[in-house]
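To keep things clear, I will list the structure first and then write my remarks on it.
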Amino acid sequence: MTSIKEQGKQRAAVLQGTLDMLILRTLLYGPAHGHQIGKHIQQTTNDFLQMQHGSLYPALHRLEGRGWVASKWETAPDRNREFKYYRLTEKGKKQLLVEESQWKQMMEAVARVMWPASSREG
Amino acid sequence: MRWWQIRRRNADLERELRADLELEAEEQRERGVPAEEAAYAARRAFGNISLIREQTHEAWGVAPIERFWQDILHAMRAARRTPLLSGVAILALAFGIGLNAGVFTLLNSLFLEPPTLKDANSFVQVYPRYTGWFMREDQYSSFTTEDYDAMRDRSKALEEIAAWQVSSPTLDEGKPTATVLATCNYFHVFGIDRPLMGRFFASGDCSRGSATQVAVISEATWKADLGGDSSIIGKTIRLNGSPFQVIGIVSSDAANFLPGGIFIPYTTEPMLEQGIDSLNSPSTPWLAVAGRLRPGFSRSDAQSELSTIMNQQDRAYVKRQVSAFNRKTALVLTNGSFIENPAIRDRVVAMTVFILGPLTLILLLACCNVTMLFLSRTVTRRGEIAVRLALGAGRGQLARMLLAESLITAAVGGALSIVLVYRVPLMIMNVINASRARSVLMIHPNWRVFCYLAVLIVLATIISSLMPIRAAWKLDLLTALKGREAAATMRSRTISGLIIVQIALGFVLVCAAVMFGRLPSLITGMNPGFDMRHTIGVPVRVDTSAASRANALTFNRTLESRILAIPGVQSLAYASLGPFRRVPPTEIRLPDQSAGQGKPISVNNVSSGFFSTFDIPLIKGRAFNSADSTSPNADFVAIVSQAFAREFWQTEDPLGKSIITPDNRRLTIVGLAADTQSESFGVTDGPRLYTLRDPSTLDGGLFVRFSGDPKPVENAIRDTVKSLDRRQLIAPETMWESLEADAEQMRSLAGIILIMASIGLLMAVVGVYGVLSFAVNQRTREFGIKMVLGADRGTIFRSVTRQALRNTLFGLLCGAALAEPAMLALARFQSGSPLPLRGLNMVVFVVSALLLAAVSLAAAWLPALRATRADPMQALRAE
């Protein structure tokens, strides 16, 4: 029983960093509200990342707490209603670069182990 | 946003979630999903909203606070549901915490606080320690007048330096009164700016050579000793016979920290005692010194500067060859509090531990009571707890919940205990010394007291919730969920453990109470081996300086003959050792031993009438007589105590044997005196040597033996001394009377300890009763079945009392294991005082054990009786 819980926890820890990066990257295109961000990630990954929109909100609030994104209630252009729009801050842009390079390093490292020949060629 | 804006944040989150959820539903509808299903589909796509909410709260970092708040609310509801139980728990903790914190308040004011109320940071007290001088090397001492002058004149780091000495001259015709001989800036340095009445010293009052005989008195002395006379200013009081004009009164609040009730210029010192002139002596250290740091200077600046000054003083002192000794001074600077005083720091710390230790036991007992109450609550609530566990509540969550409950109890108890924090110190002061209590008004709790209180509350919370948490964790889920209330019992080991702990703690407290409770009767009831009721000590002061030696001898001779003429007086004697004082030993050796091989012996240099005056029986040989020579050329005689004879010659006859003193005199033993108990109460003295006093010297104190009623003799002696020298105002007392005064003080101290131990004992009794009656309640069914199976009521009664008795005995053993080392430590700590606190372990232990056993059996009585009333029918029906 506990093992399932534990596994869930571990996956959450690994995914959390990735999710943060994905959100920051999405916001690079411009301000968006939670729903848009979720939709965008889902669509661009061709529904590979089958995530529930709900898991975005804790991440968004965490990023806001760290000052990487800022939020504001604004009226959506297509619907006549207010949504909470998130935009990337300067600090967030820097953080995105950091996370991106870390991700790349990890990818390269993993690639070197997984496909030794191709990485030597590269 | 901060955590306290949580409501706003919550509203914001709700709005955000709602907006996005609606958008999702709209999109679903646009995709062609029927309207009624769109909302559900949106929710499915969204996920568990309350989980999102919770996770977001975690992301805010406020979740722990929220959970804590929920736990507290829950705990308050739980407490309200059982008001009686909670009330008792709170009351027990309020007493436990309040007594501790109250006594700590007193200790804090007396020991830990710097002796000033104004700008304590700049106050420094200076303690010198000399090496190479005539004092013991490791001893902290005081300063000579010259050293004080040097520091005052040359120091830059201290802007003002005061000095003082405490003396106890006789006030008017009454009792010795603590008097501070102070420099004229004394009050200013201690941060007291305004007198209650009149004025403080002007700088002219302290000019050398022309001492002004003026006095400032404290409010307490004014009210207690001088009748609160409102026109006291300008009147004259006499100190050791010398007149002093009262110029001002210092208020009790301000004088609280000061060591005396009367303040006079330090330049009047030579007038107080004949033949003593510390003020003008270059090698008498007598002044305590304290000062105020100049702004911008630190204590270490002052330390290095004053050390430099004192080094210069050392060099000058040695160069002038004032005395044969070298001198090197080391300084310690403190904030002036008692606990930082390097000379007594260890003793103060030890004393604090000995005072707070038993009080901690009372708090622990209170915690035990609360544990018991919570434990029974946990057991009755096991259904609820089981449901919580079954629904997936974590153990941490459960522990938090129970912790919150005891936190609430401890916090409310702690808040109530603040009343005690304010009351207890004054109550104690009142009991210890009613007349001085008025002078201790300034005992107020400060931040340190409240920190201590907070620590106590946290400790009480944790200690009292440990067992309930364990019980909740160990809960058998299946049994509890099946609702078989009667089947679930508390583990009997828990019950035994609680009884044992409470008995053990109670035992230690009762031991302390019995030990101190016995002191007064031990002091007055002991047989010291000499007559105390018919021997009066006459504390005359004679000027022993060489210049007035002839006068002093004449004074003594005249006094002797006049005292012998008083009706009722039988004899008088001089002795160098007063009773119940500690005695520095002298090395005594046998003729065939070389110096250094001898044994440390206390030597009493007595006049020929000593043994008859003190009524010490001689076992063998003879007492001194007037024919015995004291001249340096002739042979000397000596008398030894039984312990001395045993020490040197075991069973041999000491008469005629010889011994050698450190100054190489050979003494022949002519008598064997009975052992006495004159160094400490109730303990036989070690080896003791009596030598014959040279009548042409001024050594020793005067003691008078009389028959009949002591009062007229005492008055006659007082008048005789006064008629010979009107400055000698003495209050002669029989040794018994002065002992009675000591015993009286011990009695009030024992009273306080008795009260505290009684509270502890009461808590232990209530605790044992609570545990047992709870256990009996739990076992009602078992008793019922036993009865059905043929057990009679006597068997059941015995089984309950036997369990109580067994646990009590075990608790007593544990208590003894705790008390024994504590008593040893106490005995070691106060080995310097004459109080008989050692060698009594057995008596104390037995009395305490009997008391506790009786009390715990009484506590077991009712529950055991209730156990016999178990109804077999009911027990079976429940089955």
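Each chain of the structure tokens is named A, B, ... in the order shown, its residues numbered from 1; ligands are numbered from 1 in display order.
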
message = Distance cut-off 12 Å, counting only C-alpha atoms - which residues of chain B neighbour chain A? Return them as JSON, numbers by chain.
response = {"B": [1, 2, 3, 9, 10, 12, 13, 14, 15, 16, 17, 18, 19, 20, 21, 22, 23, 24, 25, 26, 27, 42, 43, 44, 45, 46, 47, 48, 49, 50, 51, 52, 53, 54, 55, 56, 57, 58, 59, 60, 61, 62, 392, 394]}

Writing out the chosen residues with N, CA and C atoms as a CSV table (one decimal), in the first residue's frame:
chain,number,residue,atom,x,y,z
B,1,MET,N,1.9,38.0,-1.2
B,1,MET,CA,0.9,37.7,-0.2
B,1,MET,C,1.5,36.9,0.9
B,2,ARG,N,1.1,37.2,2.1
B,2,ARG,CA,1.6,36.5,3.3
B,2,ARG,C,0.5,35.5,3.7
B,3,TRP,N,1.0,34.6,4.7
B,3,TRP,CA,0.1,33.5,5.0
B,3,TRP,C,-1.2,34.0,5.7
B,9,ARG,N,-6.4,34.8,-0.7
B,9,ARG,CA,-5.8,33.9,-1.6
B,9,ARG,C,-6.7,32.7,-2.0
B,10,ASN,N,-7.4,32.2,-1.0
B,10,ASN,CA,-8.4,31.2,-1.2
B,10,ASN,C,-9.4,31.6,-2.2
B,12,ASP,N,-9.3,33.9,-4.4
B,12,ASP,CA,-8.6,34.1,-5.7
B,12,ASP,C,-8.5,32.7,-6.4
B,13,LEU,N,-8.1,31.8,-5.6
B,13,LEU,CA,-7.9,30.4,-6.2
B,13,LEU,C,-9.2,29.9,-6.7
B,14,GLU,N,-10.2,30.0,-5.8
B,14,GLU,CA,-11.6,29.5,-6.2
B,14,GLU,C,-12.0,30.2,-7.5
B,15,ARG,N,-11.8,31.5,-7.6
B,15,ARG,CA,-12.3,32.2,-8.8
B,15,ARG,C,-11.6,31.7,-10.0
B,16,GLU,N,-10.3,31.5,-9.9
B,16,GLU,CA,-9.4,31.0,-11.0
B,16,GLU,C,-9.9,29.6,-11.4
B,17,LEU,N,-10.1,28.7,-10.4
B,17,LEU,CA,-10.5,27.4,-10.8
B,17,LEU,C,-11.9,27.4,-11.5
B,18,ARG,N,-12.8,28.2,-10.9
B,18,ARG,CA,-14.1,28.3,-11.5
B,18,ARG,C,-14.1,28.8,-12.9
B,19,ALA,N,-13.3,29.8,-13.1
B,19,ALA,CA,-13.2,30.4,-14.5
B,19,ALA,C,-12.7,29.4,-15.5
B,20,ASP,N,-11.6,28.7,-15.1
B,20,ASP,CA,-11.1,27.8,-16.0
B,20,ASP,C,-12.0,26.6,-16.2
B,21,LEU,N,-12.7,26.2,-15.2
B,21,LEU,CA,-13.6,25.0,-15.3
B,21,LEU,C,-14.7,25.4,-16.2
B,22,GLU,N,-15.3,26.6,-16.0
B,22,GLU,CA,-16.4,27.0,-16.9
B,22,GLU,C,-15.9,27.0,-18.3
B,23,LEU,N,-14.7,27.5,-18.5
B,23,LEU,CA,-14.1,27.6,-19.9
B,23,LEU,C,-14.1,26.2,-20.5
B,24,GLU,N,-13.6,25.3,-19.7
B,24,GLU,CA,-13.5,23.9,-20.1
B,24,GLU,C,-14.9,23.4,-20.5
B,25,ALA,N,-15.9,23.6,-19.7
B,25,ALA,CA,-17.2,23.2,-20.0
B,25,ALA,C,-17.7,23.8,-21.3
B,26,GLU,N,-17.5,25.1,-21.4
B,26,GLU,CA,-17.9,25.8,-22.7
B,26,GLU,C,-17.3,25.1,-23.9
B,27,GLU,N,-16.0,24.8,-23.7
B,27,GLU,CA,-15.3,24.2,-24.9
B,27,GLU,C,-15.9,22.8,-25.2
B,42,ALA,N,-16.0,18.3,-18.1
B,42,ALA,CA,-15.0,19.3,-17.7
B,42,ALA,C,-14.3,18.9,-16.4
B,43,ARG,N,-15.1,18.4,-15.4
B,43,ARG,CA,-14.6,18.0,-14.1
B,43,ARG,C,-13.6,16.8,-14.3
B,44,ARG,N,-14.0,15.9,-15.2
B,44,ARG,CA,-13.2,14.8,-15.4
B,44,ARG,C,-11.8,15.2,-16.0
B,45,ALA,N,-11.9,16.1,-17.0
B,45,ALA,CA,-10.7,16.6,-17.6
B,45,ALA,C,-9.8,17.3,-16.6
B,46,PHE,N,-10.5,17.9,-15.6
B,46,PHE,CA,-9.8,18.8,-14.7
B,46,PHE,C,-9.1,18.0,-13.6
B,47,GLY,N,-9.8,17.0,-13.1
B,47,GLY,CA,-9.2,16.2,-12.0
B,47,GLY,C,-9.9,16.6,-10.7
B,48,ASN,N,-9.4,16.0,-9.6
B,48,ASN,CA,-10.0,16.2,-8.3
B,48,ASN,C,-9.8,17.6,-7.8
B,49,ILE,N,-10.9,18.4,-7.7
B,49,ILE,CA,-10.7,19.8,-7.4
B,49,ILE,C,-10.2,20.0,-6.0
B,50,SER,N,-10.7,19.2,-5.0
B,50,SER,CA,-10.3,19.4,-3.6
B,50,SER,C,-8.8,19.0,-3.5
B,51,LEU,N,-8.4,18.0,-4.3
B,51,LEU,CA,-7.0,17.7,-4.3
B,51,LEU,C,-6.1,18.8,-4.8
B,52,ILE,N,-6.6,19.4,-5.9
B,52,ILE,CA,-5.9,20.5,-6.5
B,52,ILE,C,-5.7,21.6,-5.5
B,53,ARG,N,-6.9,21.9,-4.8
B,53,ARG,CA,-6.9,23.0,-3.8
B,53,ARG,C,-5.9,22.7,-2.7
B,54,GLU,N,-5.8,21.4,-2.3
B,54,GLU,CA,-4.9,21.0,-1.2
B,54,GLU,C,-3.5,21.2,-1.7
B,55,GLN,N,-3.2,20.7,-2.9
B,55,GLN,CA,-1.9,20.7,-3.4
B,55,GLN,C,-1.4,22.2,-3.6
B,56,THR,N,-2.3,23.0,-4.0
B,56,THR,CA,-2.0,24.4,-4.2
B,56,THR,C,-1.6,25.0,-2.8
B,57,HIS,N,-2.4,24.7,-1.8
B,57,HIS,CA,-2.1,25.2,-0.5
B,57,HIS,C,-0.7,24.7,-0.1
B,58,GLU,N,-0.4,23.5,-0.4
B,58,GLU,CA,1.0,23.0,-0.1
B,58,GLU,C,2.0,23.9,-0.8
B,59,ALA,N,1.7,24.2,-2.0
B,59,ALA,CA,2.6,25.0,-2.8
B,59,ALA,C,2.8,26.4,-2.2
B,60,TRP,N,1.7,26.9,-1.5
B,60,TRP,CA,1.8,28.2,-0.8
B,60,TRP,C,2.7,28.1,0.4
B,61,GLY,N,2.8,26.9,0.9
B,61,GLY,CA,3.6,26.7,2.1
B,61,GLY,C,2.7,27.0,3.4
B,62,VAL,N,1.4,27.1,3.3
B,62,VAL,CA,0.6,27.4,4.4
B,62,VAL,C,-0.1,26.1,5.0
B,392,GLY,N,-7.7,6.2,6.8
B,392,GLY,CA,-6.4,6.5,6.2
B,392,GLY,C,-5.7,7.7,6.9
B,394,GLY,N,-2.9,9.3,8.8
B,394,GLY,CA,-1.6,8.9,9.1
B,394,GLY,C,-1.3,8.9,10.6

inquiry  = Would you pick out the contacts of Asp531 of chain B at 12 Å or less, using only C-alpha atoms, so that residues sharing its chain but fewer than 2 positions from it are not included, and give the list as a PyMOL selection string?
reply    = chain B and resi 526-529+533-536+579+610-617+676-678+703-707+734-736

ask   = Could you pull out all residues of segment 339-495 of chain B with a DSSP call of alpha helix (DSSP H) and give them as a ChimeraX atom specification?
value = /B:345-380,382-390,395-432,434-437,447-473,477-481,492-495

task = Give me the residues within 10 Å of segment 708-721 of chain B as a PyMOL selection string, counting only C-alpha atoms and dropping any in the same chain fewer than 6 places off.
result = chain B and resi 533-540+555+558-559+562-564+566-569+727-734+737

Kindly save the residues from that selection, with N, CA and C atoms included, as an mmCIF file, in the first residue's frame.
data_model
loop_
_atom_site.group_PDB
_atom_site.id
_atom_site.type_symbol
_atom_site.label_atom_id
_atom_site.label_comp_id
_atom_site.auth_asym_id
_atom_site.auth_seq_id
_atom_site.Cartn_x
_atom_site.Cartn_y
_atom_site.Cartn_z
ATOM 1 N N ARG B 533 22.422 25.587 77.336
ATOM 2 C CA ARG B 533 21.387 26.424 77.937
ATOM 3 C C ARG B 533 21.932 27.325 79.030
ATOM 4 N N HIS B 534 23.109 26.998 79.527
ATOM 5 C CA HIS B 534 23.633 27.799 80.638
ATOM 6 C C HIS B 534 24.973 28.418 80.296
ATOM 7 N N THR B 535 25.245 28.550 79.006
ATOM 8 C CA THR B 535 26.482 29.203 78.605
ATOM 9 C C THR B 535 26.156 30.358 77.663
ATOM 10 N N ILE B 536 26.625 31.521 78.013
ATOM 11 C CA ILE B 536 26.327 32.720 77.233
ATOM 12 C C ILE B 536 27.590 33.164 76.501
ATOM 13 N N GLY B 537 27.448 33.440 75.222
ATOM 14 C CA GLY B 537 28.562 34.028 74.493
ATOM 15 C C GLY B 537 28.510 35.539 74.660
ATOM 16 N N VAL B 538 29.652 36.158 74.969
ATOM 17 C CA VAL B 538 29.686 37.615 75.158
ATOM 18 C C VAL B 538 30.530 38.210 74.034
ATOM 19 N N PRO B 539 29.880 38.721 72.987
ATOM 20 C CA PRO B 539 30.644 39.182 71.816
ATOM 21 C C PRO B 539 31.212 40.572 71.992
ATOM 22 N N VAL B 540 32.156 40.738 72.907
ATOM 23 C CA VAL B 540 32.751 42.081 73.061
ATOM 24 C C VAL B 540 33.790 42.303 71.972
ATOM 25 N N PHE B 555 40.714 46.319 80.149
ATOM 26 C CA PHE B 555 39.275 46.212 79.899
ATOM 27 C C PHE B 555 38.806 44.782 80.172
ATOM 28 N N THR B 558 38.873 43.930 83.939
ATOM 29 C CA THR B 558 37.784 44.560 84.663
ATOM 30 C C THR B 558 36.469 43.860 84.341
ATOM 31 N N LEU B 559 36.284 43.577 83.031
ATOM 32 C CA LEU B 559 35.047 42.929 82.603
ATOM 33 C C LEU B 559 34.902 41.573 83.284
ATOM 34 N N ARG B 562 33.907 41.993 86.913
ATOM 35 C CA ARG B 562 32.530 42.480 87.080
ATOM 36 C C ARG B 562 31.507 41.410 86.710
ATOM 37 N N ILE B 563 31.818 40.646 85.649
ATOM 38 C CA ILE B 563 30.852 39.605 85.244
ATOM 39 C C ILE B 563 30.772 38.534 86.327
ATOM 40 N N LEU B 564 31.937 38.180 86.910
ATOM 41 C CA LEU B 564 31.930 37.151 87.957
ATOM 42 C C LEU B 564 31.130 37.615 89.164
ATOM 43 N N ILE B 566 28.322 39.226 88.996
ATOM 44 C CA ILE B 566 26.880 39.195 88.717
ATOM 45 C C ILE B 566 26.273 37.977 89.390
ATOM 46 N N PRO B 567 25.146 38.154 90.095
ATOM 47 C CA PRO B 567 24.534 37.000 90.759
ATOM 48 C C PRO B 567 24.140 35.931 89.753
ATOM 49 N N GLY B 568 24.428 34.684 90.056
ATOM 50 C CA GLY B 568 24.065 33.587 89.152
ATOM 51 C C GLY B 568 25.229 33.131 88.303
ATOM 52 N N VAL B 569 26.205 34.025 88.043
ATOM 53 C CA VAL B 569 27.335 33.633 87.205
ATOM 54 C C VAL B 569 28.265 32.716 87.989
ATOM 55 N N ARG B 727 30.233 52.430 73.924
ATOM 56 C CA ARG B 727 30.058 52.137 72.503
ATOM 57 C C ARG B 727 29.824 50.656 72.238
ATOM 58 N N GLN B 728 30.049 49.841 73.246
ATOM 59 C CA GLN B 728 29.861 48.399 73.065
ATOM 60 C C GLN B 728 28.419 48.034 73.362
ATOM 61 N N LEU B 729 27.623 47.936 72.286
ATOM 62 C CA LEU B 729 26.230 47.570 72.465
ATOM 63 C C LEU B 729 26.077 46.141 72.001
ATOM 64 N N ILE B 730 25.986 45.261 72.963
ATOM 65 C CA ILE B 730 25.931 43.852 72.574
ATOM 66 C C ILE B 730 24.632 43.229 73.062
ATOM 67 N N ALA B 731 24.285 42.133 72.443
ATOM 68 C CA ALA B 731 23.098 41.390 72.861
ATOM 69 C C ALA B 731 23.532 39.967 73.187
ATOM 70 N N PRO B 732 23.983 39.735 74.440
ATOM 71 C CA PRO B 732 24.455 38.388 74.773
ATOM 72 C C PRO B 732 23.295 37.399 74.761
ATOM 73 N N GLU B 733 23.585 36.203 74.282
ATOM 74 C CA GLU B 733 22.559 35.168 74.183
ATOM 75 C C GLU B 733 23.167 33.857 74.637
ATOM 76 N N THR B 734 22.341 32.994 75.213
ATOM 77 C CA THR B 734 22.852 31.648 75.452
ATOM 78 C C THR B 734 23.002 30.987 74.094
ATOM 79 N N GLU B 737 19.750 29.867 72.794
ATOM 80 C CA GLU B 737 18.867 30.868 72.191
ATOM 81 C C GLU B 737 19.256 31.184 70.748
#

task = Would you list the contacts of Glu90 of chain A as an MDAnalysis selection string, taking every protein, DNA or RNA residue within 9 Å and counting only C-alpha atoms, but skipping same-chain residues closer than 5 positions in sequence?
result = chainID A and resid 68:69 95

ask   = What is the atom CA of Gly32 of chain B-atom CA of Asp78 of chain A distance in Å, reported with one decimal?
value = 19.0 Å

key: Contacts of Arg798 of chain B within 12 Å, only C-alpha atoms, excl. fewer than 2 positions in-chain, as a ChimeraX atom specification   = /B:791-796,800-806,857,860-861,863-865,867-868

Those selected residues, please, written with C-alpha atoms and delivered as an mmCIF file, in the first residue's frame.
data_model
loop_
_atom_site.group_PDB
_atom_site.id
_atom_site.type_symbol
_atom_site.label_atom_id
_atom_site.label_comp_id
_atom_site.auth_asym_id
_atom_site.auth_seq_id
_atom_site.Cartn_x
_atom_site.Cartn_y
_atom_site.Cartn_z
ATOM 1 C CA ALA B 791 -14.230 -15.932 43.000
ATOM 2 C CA ASP B 792 -15.460 -14.217 46.145
ATOM 3 C CA ARG B 793 -15.281 -10.507 46.753
ATOM 4 C CA GLY B 794 -12.268 -10.846 49.021
ATOM 5 C CA THR B 795 -10.211 -12.433 46.264
ATOM 6 C CA ILE B 796 -11.015 -9.626 43.879
ATOM 7 C CA VAL B 800 -6.563 -5.137 42.996
ATOM 8 C CA THR B 801 -4.742 -4.076 46.142
ATOM 9 C CA ARG B 802 -1.974 -6.556 45.458
ATOM 10 C CA GLN B 803 -1.368 -5.014 42.049
ATOM 11 C CA ALA B 804 -1.261 -1.563 43.649
ATOM 12 C CA LEU B 805 1.061 -2.752 46.381
ATOM 13 C CA ARG B 806 3.438 -4.446 43.990
ATOM 14 C CA LEU B 857 -2.928 1.885 49.714
ATOM 15 C CA ALA B 860 -6.186 1.889 46.030
ATOM 16 C CA TRP B 861 -8.953 1.313 48.585
ATOM 17 C CA PRO B 863 -11.135 1.371 43.317
ATOM 18 C CA ALA B 864 -10.639 -2.032 44.916
ATOM 19 C CA LEU B 865 -13.944 -1.679 46.728
ATOM 20 C CA ALA B 867 -14.106 -3.796 41.815
ATOM 21 C CA THR B 868 -15.903 -6.035 44.329
#

What are the DSSP strand (DSSP E) residues of segment 481-690 of chain B, as a tab-separated table (two decimals) with C-alpha atoms, in the first residue's frame?
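Resulting contents of out38.tsv:
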chain	number	residue	atom	x	y	z
B	535	THR	CA	26.48	29.20	78.61
B	536	ILE	CA	26.33	32.72	77.23
B	537	GLY	CA	28.56	34.03	74.49
B	538	VAL	CA	29.69	37.62	75.16
B	569	VAL	CA	27.34	33.63	87.21
B	570	GLN	CA	29.45	30.62	88.07
B	571	SER	CA	32.50	30.82	85.86
B	572	LEU	CA	33.82	32.23	82.65
B	573	ALA	CA	36.27	31.10	80.01
B	574	TYR	CA	37.88	32.09	76.76
B	575	ALA	CA	37.89	29.80	73.74
B	586	THR	CA	46.41	22.80	62.16
B	587	GLU	CA	49.02	20.13	61.58
B	588	ILE	CA	49.84	18.14	64.73
B	599	LYS	CA	47.51	15.08	60.79
B	600	PRO	CA	45.14	18.02	60.36
B	601	ILE	CA	43.59	18.75	63.73
B	602	SER	CA	41.33	21.53	64.94
B	603	VAL	CA	42.92	23.28	67.88
B	604	ASN	CA	40.94	25.14	70.50
B	605	ASN	CA	43.00	27.52	72.56
B	606	VAL	CA	41.08	27.78	75.84
B	618	LEU	CA	36.82	14.79	81.35
B	619	ILE	CA	37.14	11.06	80.95
B	620	LYS	CA	40.64	10.72	82.26
B	621	GLY	CA	43.33	12.88	83.76
B	636	PHE	CA	53.31	22.80	78.04
B	637	VAL	CA	50.31	20.70	78.82
B	638	ALA	CA	47.39	19.85	76.58
B	639	ILE	CA	44.08	18.01	76.70
B	640	VAL	CA	42.83	15.93	73.78
B	641	SER	CA	39.44	14.65	72.74
B	658	SER	CA	53.72	14.01	73.75
B	659	ILE	CA	52.78	15.78	70.55
B	660	ILE	CA	54.42	18.54	68.50
B	666	ARG	CA	56.20	19.94	72.66
B	667	LEU	CA	52.91	19.33	74.49
B	668	THR	CA	52.31	16.70	77.15
B	669	ILE	CA	48.82	15.27	77.39
B	670	VAL	CA	47.35	15.59	80.86
B	671	GLY	CA	43.66	14.98	80.19
B	672	LEU	CA	41.21	13.19	77.95
B	673	ALA	CA	37.97	15.10	77.22
B	688	ARG	CA	40.39	18.01	68.65
B	689	LEU	CA	43.23	19.43	70.71
B	690	TYR	CA	42.76	21.84	73.60

message = My list of candidates is B:Leu287, B:Ala316, B:Ile232, B:Leu852. Which is closest to Ala757 of chain B when distances are computed with only C-alpha atoms?
response =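 Using only C-alpha atoms, Ala757 of chain B sits closest to B:Leu852.
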